[in-house]
$ cat entry18.cif   # mmCIF, C-alpha atoms
data_model
loop_
_atom_site.label_atom_id
_atom_site.label_comp_id
_atom_site.auth_asym_id
_atom_site.auth_seq_id
_atom_site.Cartn_x
_atom_site.Cartn_y
_atom_site.Cartn_z
CA MET T 285 0.00 0.00 0.00
CA LEU T 286 1.36 3.40 -1.10
CA SER T 287 2.00 5.76 1.80
CA LEU T 288 2.61 9.49 1.35
CA SER T 289 4.78 11.51 3.61
CA LEU T 290 3.44 14.55 5.41
CA GLY T 291 5.16 16.87 2.94
CA GLU T 292 3.72 14.97 -0.01
CA ARG T 293 0.22 15.09 1.48
CA VAL T 294 0.52 18.85 2.00
CA GLY T 295 1.66 19.23 -1.64
CA VAL T 296 -1.30 17.22 -2.95
CA ARG T 297 -3.72 19.24 -0.84
CA ALA T 298 -2.18 22.48 -2.09
CA SER T 299 -2.49 21.28 -5.68
CA LEU T 300 -6.15 20.45 -5.11
CA TYR T 301 -6.76 23.88 -3.60
CA LYS T 302 -5.00 25.48 -6.58
CA PHE T 303 -7.11 23.46 -9.01
CA ASP T 304 -10.29 24.46 -7.15
CA ALA T 305 -9.25 28.12 -7.25
CA ILE T 306 -8.65 27.95 -11.01
CA GLN T 307 -12.02 26.28 -11.50
CA PHE T 308 -13.67 28.99 -9.40
CA LEU T 309 -12.00 31.75 -11.42
CA LEU T 310 -13.00 30.16 -14.72
CA ILE T 311 -16.61 29.83 -13.59
CA ALA T 312 -16.57 33.42 -12.30
CA PHE T 313 -15.18 34.75 -15.60
CA LEU T 314 -17.73 32.71 -17.57
CA PHE T 315 -20.57 34.06 -15.44
CA PHE T 316 -19.22 37.61 -15.90
CA PHE T 317 -19.08 37.39 -19.71
CA VAL T 318 -22.48 35.69 -19.92
CA SER T 319 -23.94 38.48 -17.77
CA ILE T 320 -22.43 41.13 -20.06
CA ALA T 321 -23.73 39.38 -23.18
CA LYS T 322 -27.19 39.09 -21.64
CA ALA T 323 -27.19 42.76 -20.65
CA GLN T 324 -26.15 43.77 -24.16
CA SER T 325 -28.85 41.61 -25.72
CA ASN T 326 -31.44 43.32 -23.49
CA THR T 327 -30.20 46.82 -24.40
CA PRO T 328 -32.44 48.27 -27.14
CA PHE T 329 -30.71 49.09 -30.43
CA THR T 330 -30.64 52.84 -31.02
CA PHE T 331 -29.66 54.83 -34.07
CA ARG T 332 -29.04 58.48 -34.86
CA VAL T 333 -30.60 60.58 -37.63
CA MET T 334 -29.51 63.98 -38.93
CA THR T 335 -31.27 66.31 -41.37
CA TYR T 336 -29.07 69.00 -42.87
CA ASN T 337 -29.60 71.63 -45.56
CA ILE T 338 -25.98 71.94 -46.68
CA GLN T 339 -26.41 74.87 -49.15
CA HIS T 340 -24.24 73.02 -51.74
CA GLY T 341 -21.35 72.93 -49.25
CA ALA T 342 -21.27 76.69 -48.66
CA GLY T 343 -21.04 77.92 -45.09
CA ALA T 344 -22.54 80.98 -43.47
CA ASP T 345 -19.48 82.78 -44.85
CA GLU T 346 -20.56 81.67 -48.38
CA LYS T 347 -17.27 79.80 -48.86
CA ILE T 348 -17.63 76.30 -50.31
CA ASP T 349 -15.81 73.90 -48.00
CA LEU T 350 -17.07 70.33 -48.18
CA LEU T 351 -14.50 69.12 -45.65
CA ARG T 352 -16.08 71.51 -43.14
CA THR T 353 -19.50 70.07 -44.00
CA ALA T 354 -18.21 66.51 -43.50
CA GLU T 355 -16.67 67.41 -40.15
CA ALA T 356 -19.97 68.89 -38.95
CA ILE T 357 -21.67 65.62 -39.87
CA LYS T 358 -19.04 63.34 -38.35
CA HIS T 359 -19.00 65.30 -35.10
CA GLU T 360 -22.56 64.07 -34.36
CA ASN T 361 -21.88 60.46 -35.44
CA PRO T 362 -25.20 59.92 -37.26
CA ASP T 363 -26.26 56.60 -38.79
CA ILE T 364 -28.50 58.22 -41.41
CA VAL T 365 -28.19 61.73 -42.83
CA ALA T 366 -30.80 63.55 -44.93
CA LEU T 367 -29.16 66.19 -47.12
CA GLU T 368 -30.91 69.03 -48.92
CA GLU T 369 -29.54 71.45 -51.56
CA VAL T 370 -27.01 69.03 -53.02
CA ASP T 371 -25.08 69.59 -56.28
CA LYS T 372 -23.80 67.01 -58.74
CA GLY T 373 -21.79 68.18 -61.74
CA VAL T 374 -22.87 71.81 -61.21
CA GLU T 375 -20.64 74.66 -62.38
CA ARG T 376 -20.72 76.63 -59.11
CA THR T 377 -19.21 73.64 -57.25
CA ALA T 378 -16.61 72.84 -59.93
CA ARG T 379 -18.64 69.91 -61.38
CA ARG T 380 -18.08 67.87 -58.23
CA ASP T 381 -20.28 65.04 -56.97
CA LEU T 382 -20.98 66.31 -53.46
CA THR T 383 -22.81 63.17 -52.30
CA ALA T 384 -19.97 60.87 -53.37
CA GLU T 385 -17.38 63.09 -51.68
CA LEU T 386 -19.33 63.34 -48.43
CA ALA T 387 -19.89 59.57 -48.46
CA ALA T 388 -16.14 59.00 -48.82
CA MET T 389 -15.28 61.51 -46.09
CA THR T 390 -17.82 60.13 -43.60
CA GLY T 391 -17.42 56.42 -44.41
CA MET T 392 -21.10 56.06 -45.31
CA THR T 393 -23.07 54.97 -48.37
CA GLY T 394 -24.41 57.84 -50.46
CA TYR T 395 -27.60 58.09 -52.50
CA PHE T 396 -28.40 61.18 -54.63
CA SER T 397 -31.52 61.95 -56.63
CA ASN T 398 -31.88 64.78 -59.12
CA ASN T 399 -34.85 67.15 -58.97
CA PHE T 400 -33.85 69.55 -61.72
CA ASN T 401 -30.94 70.41 -64.00
CA PHE T 402 -28.88 73.43 -63.00
CA GLU T 403 -25.72 75.08 -64.39
CA GLY T 404 -24.88 72.07 -66.52
CA GLY T 405 -25.39 69.57 -63.70
CA MET T 406 -28.02 68.25 -61.28
CA TYR T 407 -29.52 69.59 -58.07
CA GLY T 408 -31.54 67.67 -55.51
CA ASN T 409 -31.54 65.81 -52.21
CA ALA T 410 -29.36 62.99 -50.92
CA VAL T 411 -28.92 60.47 -48.13
CA LEU T 412 -25.86 59.15 -46.33
CA THR T 413 -26.40 55.89 -44.47
CA LYS T 414 -24.58 53.20 -42.52
CA PHE T 415 -27.47 50.80 -43.14
CA PRO T 416 -28.11 48.72 -46.27
CA ILE T 417 -30.45 50.28 -48.84
CA LEU T 418 -33.10 47.75 -49.90
CA VAL T 419 -35.26 49.98 -52.13
CA ALA T 420 -34.59 53.49 -53.48
CA THR T 421 -36.81 55.87 -55.42
CA ASN T 422 -37.48 59.58 -55.86
CA THR T 423 -40.87 61.13 -56.62
CA HIS T 424 -41.23 64.56 -58.22
CA TYR T 425 -44.03 66.69 -56.82
CA GLN T 426 -46.71 68.53 -58.74
CA MET T 427 -45.57 72.13 -58.94
CA ILE T 428 -47.48 75.40 -58.88
CA HIS T 429 -44.34 77.49 -59.38
CA PRO T 430 -42.42 76.06 -62.37
CA ASN T 431 -38.95 77.48 -61.75
CA GLU T 432 -37.68 74.81 -59.32
CA GLN T 433 -38.84 71.19 -59.45
CA ARG T 434 -38.88 69.52 -56.02
CA GLY T 435 -39.12 65.91 -54.92
CA ILE T 436 -39.05 63.37 -52.12
CA ILE T 437 -36.56 60.52 -51.73
CA GLN T 438 -37.91 57.25 -50.37
CA LEU T 439 -35.44 54.63 -49.12
CA VAL T 440 -36.31 51.36 -47.48
CA LEU T 441 -33.40 50.66 -45.13
CA ASP T 442 -32.44 47.53 -43.22
CA VAL T 443 -31.99 48.90 -39.71
CA ASN T 444 -30.64 46.08 -37.57
CA GLY T 445 -32.93 43.57 -39.29
CA GLN T 446 -36.03 45.83 -39.40
CA LYS T 447 -37.30 47.69 -42.44
CA LEU T 448 -37.52 51.47 -42.12
CA LEU T 449 -38.96 53.90 -44.66
CA PHE T 450 -36.63 56.92 -44.66
CA MET T 451 -37.68 59.98 -46.67
CA VAL T 452 -36.06 63.30 -47.51
CA THR T 453 -37.65 66.41 -48.98
CA HIS T 454 -37.23 70.17 -49.39
CA LEU T 455 -40.40 72.21 -49.83
CA ASP T 456 -41.02 75.56 -51.50
CA TYR T 457 -39.63 78.65 -49.76
CA ARG T 458 -42.27 81.34 -50.51
CA SER T 459 -43.30 82.64 -47.09
CA LYS T 460 -46.51 84.35 -48.22
CA ASP T 461 -47.75 81.52 -50.43
CA ASN T 462 -48.05 78.10 -48.82
CA ARG T 463 -50.19 76.53 -51.58
CA GLU T 464 -47.36 74.49 -53.06
CA ARG T 465 -46.16 73.23 -49.66
CA LEU T 466 -49.69 72.13 -48.78
CA LEU T 467 -50.08 70.47 -52.20
CA ASN T 468 -46.82 68.57 -51.67
CA ILE T 469 -47.92 67.40 -48.22
CA SER T 470 -51.10 65.96 -49.70
CA GLU T 471 -48.86 64.06 -52.13
CA ILE T 472 -46.74 62.77 -49.24
CA LYS T 473 -49.87 61.45 -47.53
CA ARG T 474 -50.84 59.54 -50.68
CA LEU T 475 -47.31 58.27 -51.21
CA ILE T 476 -46.92 56.68 -47.76
CA ARG T 477 -49.92 54.44 -48.44
CA GLN T 478 -47.52 52.38 -50.55
CA TYR T 479 -45.69 51.33 -47.36
CA PRO T 480 -48.42 50.01 -45.02
CA GLY T 481 -47.27 49.09 -41.53
CA MET T 482 -43.66 50.20 -42.10
CA PRO T 483 -42.00 52.52 -39.55
CA MET T 484 -41.36 55.93 -41.13
CA ILE T 485 -38.99 58.85 -40.70
CA LEU T 486 -39.37 61.93 -42.90
CA CYS T 487 -36.67 64.60 -42.79
CA GLY T 488 -36.22 67.90 -44.50
CA ASP T 489 -36.38 71.63 -44.85
CA PHE T 490 -40.11 72.44 -44.83
CA ASN T 491 -39.69 76.22 -45.04
CA ASP T 492 -42.51 76.76 -42.57
CA PHE T 493 -42.97 77.20 -38.85
CA PRO T 494 -44.49 75.22 -35.97
CA LYS T 495 -48.28 75.58 -35.73
CA SER T 496 -48.53 76.90 -39.29
CA ALA T 497 -51.06 75.37 -41.70
CA VAL T 498 -48.22 73.30 -43.17
CA HIS T 499 -47.15 72.03 -39.75
CA LYS T 500 -50.74 71.17 -38.83
CA ALA T 501 -51.20 69.29 -42.10
CA MET T 502 -48.10 67.21 -41.37
CA GLU T 503 -49.32 66.47 -37.84
CA GLU T 504 -52.30 64.62 -39.29
CA LYS T 505 -50.01 61.74 -40.30
CA PHE T 506 -46.71 62.31 -38.44
CA ASP T 507 -45.33 63.35 -35.06
CA ASP T 508 -42.83 66.19 -34.78
CA THR T 509 -39.75 64.71 -33.07
CA TRP T 510 -38.66 68.04 -31.62
CA GLU T 511 -42.00 68.57 -29.92
CA LEU T 512 -41.70 65.12 -28.32
CA VAL T 513 -38.11 65.15 -27.03
CA GLY T 514 -36.44 68.45 -27.95
CA HIS T 515 -35.51 71.10 -25.41
CA GLY T 516 -35.62 74.79 -26.23
CA GLY T 517 -36.74 76.37 -29.47
CA GLY T 518 -35.08 74.01 -31.96
CA GLN T 519 -34.28 76.83 -34.37
CA THR T 520 -31.92 75.96 -37.22
CA TYR T 521 -31.88 79.03 -39.48
CA PRO T 522 -29.90 81.21 -40.03
CA SER T 523 -26.94 79.31 -38.61
CA PRO T 524 -25.01 82.22 -36.98
CA LYS T 525 -28.01 83.16 -34.78
CA PRO T 526 -30.96 80.88 -35.53
CA THR T 527 -34.44 82.38 -35.20
CA ASP T 528 -36.51 80.00 -37.36
CA ARG T 529 -37.47 76.35 -36.82
CA ILE T 530 -37.98 75.17 -40.40
CA ASP T 531 -36.02 71.90 -40.43
CA TYR T 532 -37.85 68.83 -39.13
CA ILE T 533 -37.60 65.15 -38.38
CA TRP T 534 -41.09 63.65 -38.58
CA ILE T 535 -41.90 60.12 -37.41
CA SER T 536 -44.76 57.60 -37.63
CA LYS T 537 -47.75 58.35 -35.42
CA ASP T 538 -48.15 54.63 -34.65
CA LYS T 539 -45.26 54.73 -32.12
CA SER T 540 -43.21 52.25 -34.18
CA VAL T 541 -40.38 54.82 -34.12
CA VAL T 542 -39.55 55.95 -30.58
CA PRO T 543 -37.59 59.21 -30.15
CA ILE T 544 -35.09 59.36 -27.31
CA LYS T 545 -33.51 62.79 -27.61
CA ALA T 546 -33.00 65.59 -30.14
CA TRP T 547 -30.61 68.52 -30.43
CA VAL T 548 -29.35 71.26 -32.75
CA PRO T 549 -25.53 71.35 -33.07
CA ASP T 550 -23.78 74.72 -33.15
CA THR T 551 -22.08 74.92 -36.55
CA GLN T 552 -21.89 77.43 -39.38
CA ALA T 553 -20.80 74.95 -42.05
CA SER T 554 -24.04 75.90 -43.89
CA ASP T 555 -26.60 78.66 -43.67
CA HIS T 556 -28.72 76.12 -41.72
CA ARG T 557 -27.73 74.22 -38.61
CA PRO T 558 -28.35 70.47 -38.67
CA LEU T 559 -31.04 68.82 -36.57
CA VAL T 560 -30.13 65.48 -34.93
CA ALA T 561 -32.25 62.92 -33.10
CA GLU T 562 -31.76 59.46 -31.61
CA PHE T 563 -34.34 56.71 -32.01
CA LYS T 564 -35.21 53.10 -31.41
CA LEU T 565 -37.64 50.93 -33.33
CA GLN T 566 -40.44 49.06 -31.58
#
$ encode --input "entry18.cif" --output "structure tokens"
Amino acid sequence: MLSLSLGERVGVRASLYKFDAIQFLLIAFLFFFVSIAKAQSNTPFTFRVMTYNIQHGAGADEKIDLLRTAEAIKHENPDIVALEEVDKGVERTARRDLTAELAAMTGMTGYFSNNFNFEGGMYGNAVLTKFPILVATNTHYQMIHPNEQRGIIQLVLDVNGQKLLFMVTHLDYRSKDNRERLLNISEIKRLIRQYPGMPMILCGDFNDFPKSAVHKAMEEKFDDTWELVGHGGGQTYPSPKPTDRIDYIWISKDKSVVPIKAWVPDTQASDHRPLVAEFKLQ
């Protein structure tokens, strides 16, 4: 029969204690990482949206500086950006493709749609996105004033496995004549019937104020994000000292898009300031 000395028995016991300690640490680490993974899985996925009238890359100083525009966008780390007043191949911006350049500078995918030809190129709205684009189209509005055709981009995006209808528009600017803006809103209401049950976000420069007839018409089908979660006036124009709230992020009234917070960054990279909001999908 094998007999161990006292020293050998102490060594065996120490080895067993060491083995038990290692087992305990492994189990503790496993429990820790499982707890983290579970907590992350229970954390709702959020994403950030920006709407920005970029005035073809010209700042409040009227100098065209697309790097400055890109930096203003990147500073807010948005996942989707609605852009208005975008040039492509236009003489005043040296025939550049502003959407493609901003996409490259921000590391996002760009989508541009032309609304009318201008100075030998195209002028319209655009989107930058970190999410896959599933469907893309642009609809031209009926126009009362023929000098500037306007439209609305409609993208169906894959947002973390959920479909989201993301739209961008820029409505007529005439302050004393809202007929065209109201006409365009009636077209928007008809257009969204093509996407039943889909969460919706509509961004843009609406060239009208809260509680105006245009704003009230939009409230029939959408909620104004700023009114839900914004703090302060939410003015975006003119960028040096904003007095007007004319840029909006509208969301579905069915609560499928849940706003978390909204803010207006302080930048003069355009004559407008951007409007940014964070959301989650139900």
$ closest_residue --input "entry18.cif" --among "T:Ile530, T:Ile544, T:Ile485, T:Met427" --to "Leu441 (chain T)" --atoms "all atoms listed in the file"
T:Ile485
$ resolve_selection --input "entry18.cif" --expression "the PyMOL selection byres ((chain T and resi 373-382) around 9)" --output "number ranges by chain"
T: 340-341, 348, 350, 370-372, 383-387, 401-407
$ write_last_selection --input "entry18.cif" --atoms "C-alpha atoms" --output "PDB file, in the frame of the given file"
ATOM      1  CA  HIS T 340     -24.240  73.020 -51.740  1.00  0.00           C
ATOM      2  CA  GLY T 341     -21.350  72.930 -49.250  1.00  0.00           C
ATOM      3  CA  ILE T 348     -17.630  76.300 -50.310  1.00  0.00           C
ATOM      4  CA  LEU T 350     -17.070  70.330 -48.180  1.00  0.00           C
ATOM      5  CA  VAL T 370     -27.010  69.030 -53.020  1.00  0.00           C
ATOM      6  CA  ASP T 371     -25.080  69.590 -56.280  1.00  0.00           C
ATOM      7  CA  LYS T 372     -23.800  67.010 -58.740  1.00  0.00           C
ATOM      8  CA  THR T 383     -22.810  63.170 -52.300  1.00  0.00           C
ATOM      9  CA  ALA T 384     -19.970  60.870 -53.370  1.00  0.00           C
ATOM     10  CA  GLU T 385     -17.380  63.090 -51.680  1.00  0.00           C
ATOM     11  CA  LEU T 386     -19.330  63.340 -48.430  1.00  0.00           C
ATOM     12  CA  ALA T 387     -19.890  59.570 -48.460  1.00  0.00           C
ATOM     13  CA  ASN T 401     -30.940  70.410 -64.000  1.00  0.00           C
ATOM     14  CA  PHE T 402     -28.880  73.430 -63.000  1.00  0.00           C
ATOM     15  CA  GLU T 403     -25.720  75.080 -64.390  1.00  0.00           C
ATOM     16  CA  GLY T 404     -24.880  72.070 -66.520  1.00  0.00           C
ATOM     17  CA  GLY T 405     -25.390  69.570 -63.700  1.00  0.00           C
ATOM     18  CA  MET T 406     -28.020  68.250 -61.280  1.00  0.00           C
ATOM     19  CA  TYR T 407     -29.520  69.590 -58.070  1.00  0.00           C
TER      20      TYR T 407
END
$ atom_distance --input "entry18.cif" --atom1 "CA of Gly514 (chain T)" --atom2 "CA of Phe450 (chain T)"
20.3 Å
$ closest_residue --input "entry18.cif" --among "T:Tyr521, T:Tyr457, T:Phe400, T:Tyr425" --to "His556 (chain T)" --atoms "only C-alpha atoms"
T:Tyr521
$ resolve_selection --input "entry18.cif" --expression "the PyMOL selection byres ((chain T and resi 566) around 12)" --output "list in words"
Pro328, Phe329, Thr330, Val443, Asn444, Gln446, Lys447, Leu448, Met482, Pro483, Met484, Ser536, Asp538, Lys539, Ser540, Val541, Val542, Pro543, Phe563, Lys564 and Leu565 of chain T
$ residues_around --input "entry18.cif" --residues "region 470-479 of chain T" --least-positions-apart "6" --cutoff "9 Å" --atoms "only C-alpha atoms" --output "ChimeraX atom specification"
/T:423,425-426,436,449,501-502,505
$ closest_residue --input "entry18.cif" --among "T:Phe331, T:Asp345, T:Tyr532, T:Asp442" --to "Ala366 (chain T)" --atoms "only C-alpha atoms"
T:Tyr532
$ atom_distance --input "entry18.cif" --atom1 "CA of Pro494 (chain T)" --atom2 "CA of Asp531 (chain T)"
10.1 Å
$ resolve_selection --input "entry18.cif" --expression "the PyMOL selection byres ((chain T and resi 413) around 8)" --output "PDB file with C-alpha atoms, in the coordinates of the input"
ATOM      1  CA  ASP T 363     -26.260  56.600 -38.790  1.00  0.00           C
ATOM      2  CA  ILE T 364     -28.500  58.220 -41.410  1.00  0.00           C
ATOM      3  CA  VAL T 365     -28.190  61.730 -42.830  1.00  0.00           C
ATOM      4  CA  MET T 392     -21.100  56.060 -45.310  1.00  0.00           C
ATOM      5  CA  THR T 393     -23.070  54.970 -48.370  1.00  0.00           C
ATOM      6  CA  GLY T 394     -24.410  57.840 -50.460  1.00  0.00           C
ATOM      7  CA  VAL T 411     -28.920  60.470 -48.130  1.00  0.00           C
ATOM      8  CA  LEU T 412     -25.860  59.150 -46.330  1.00  0.00           C
ATOM      9  CA  LYS T 414     -24.580  53.200 -42.520  1.00  0.00           C
ATOM     10  CA  PHE T 415     -27.470  50.800 -43.140  1.00  0.00           C
ATOM     11  CA  PRO T 416     -28.110  48.720 -46.270  1.00  0.00           C
TER      12      PRO T 416
END
$ closest_residue --input "entry18.cif" --among "T:Glu369, T:Val419, T:Pro524, T:His515" --to "Leu455 (chain T)" --atoms "all atoms listed in the file"
T:Glu369
$ atom_distance --input "entry18.cif" --atom1 "CA of Asp492 (chain T)" --atom2 "CA of Glu355 (chain T)"
27.6 Å
$ residues_around --input "entry18.cif" --residues "Ala561 (chain T)" --least-positions-apart "6" --cutoff "7 Å" --atoms "all atoms listed in the file" --output "ChimeraX atom specification"
/T:332-334,545-547
$ closest_residue --input "entry18.cif" --among "T:Asn491, T:Thr421, T:Thr509, T:Thr551" --to "Lys460 (chain T)" --atoms "only C-alpha atoms"
T:Asn491
$ closest_residue --input "entry18.cif" --among "T:Val560, T:Ile428, T:Val440, T:Ala388" --to "Asn468 (chain T)" --atoms "only C-alpha atoms"
T:Ile428
$ residues_around --input "entry18.cif" --residues "Val452 (chain T)" --least-positions-apart "2" --cutoff "9 Å" --atoms "all atoms listed in the file" --output "list in words"
Thr335, Ala366, Leu367, Glu368, Asn409, Ala410, Val411, Gly435, Ile436, Ile437, Gln438, Leu439, Phe450, His454, Ile485, Leu486, Cys487, Gly488 and Asp489 of chain T
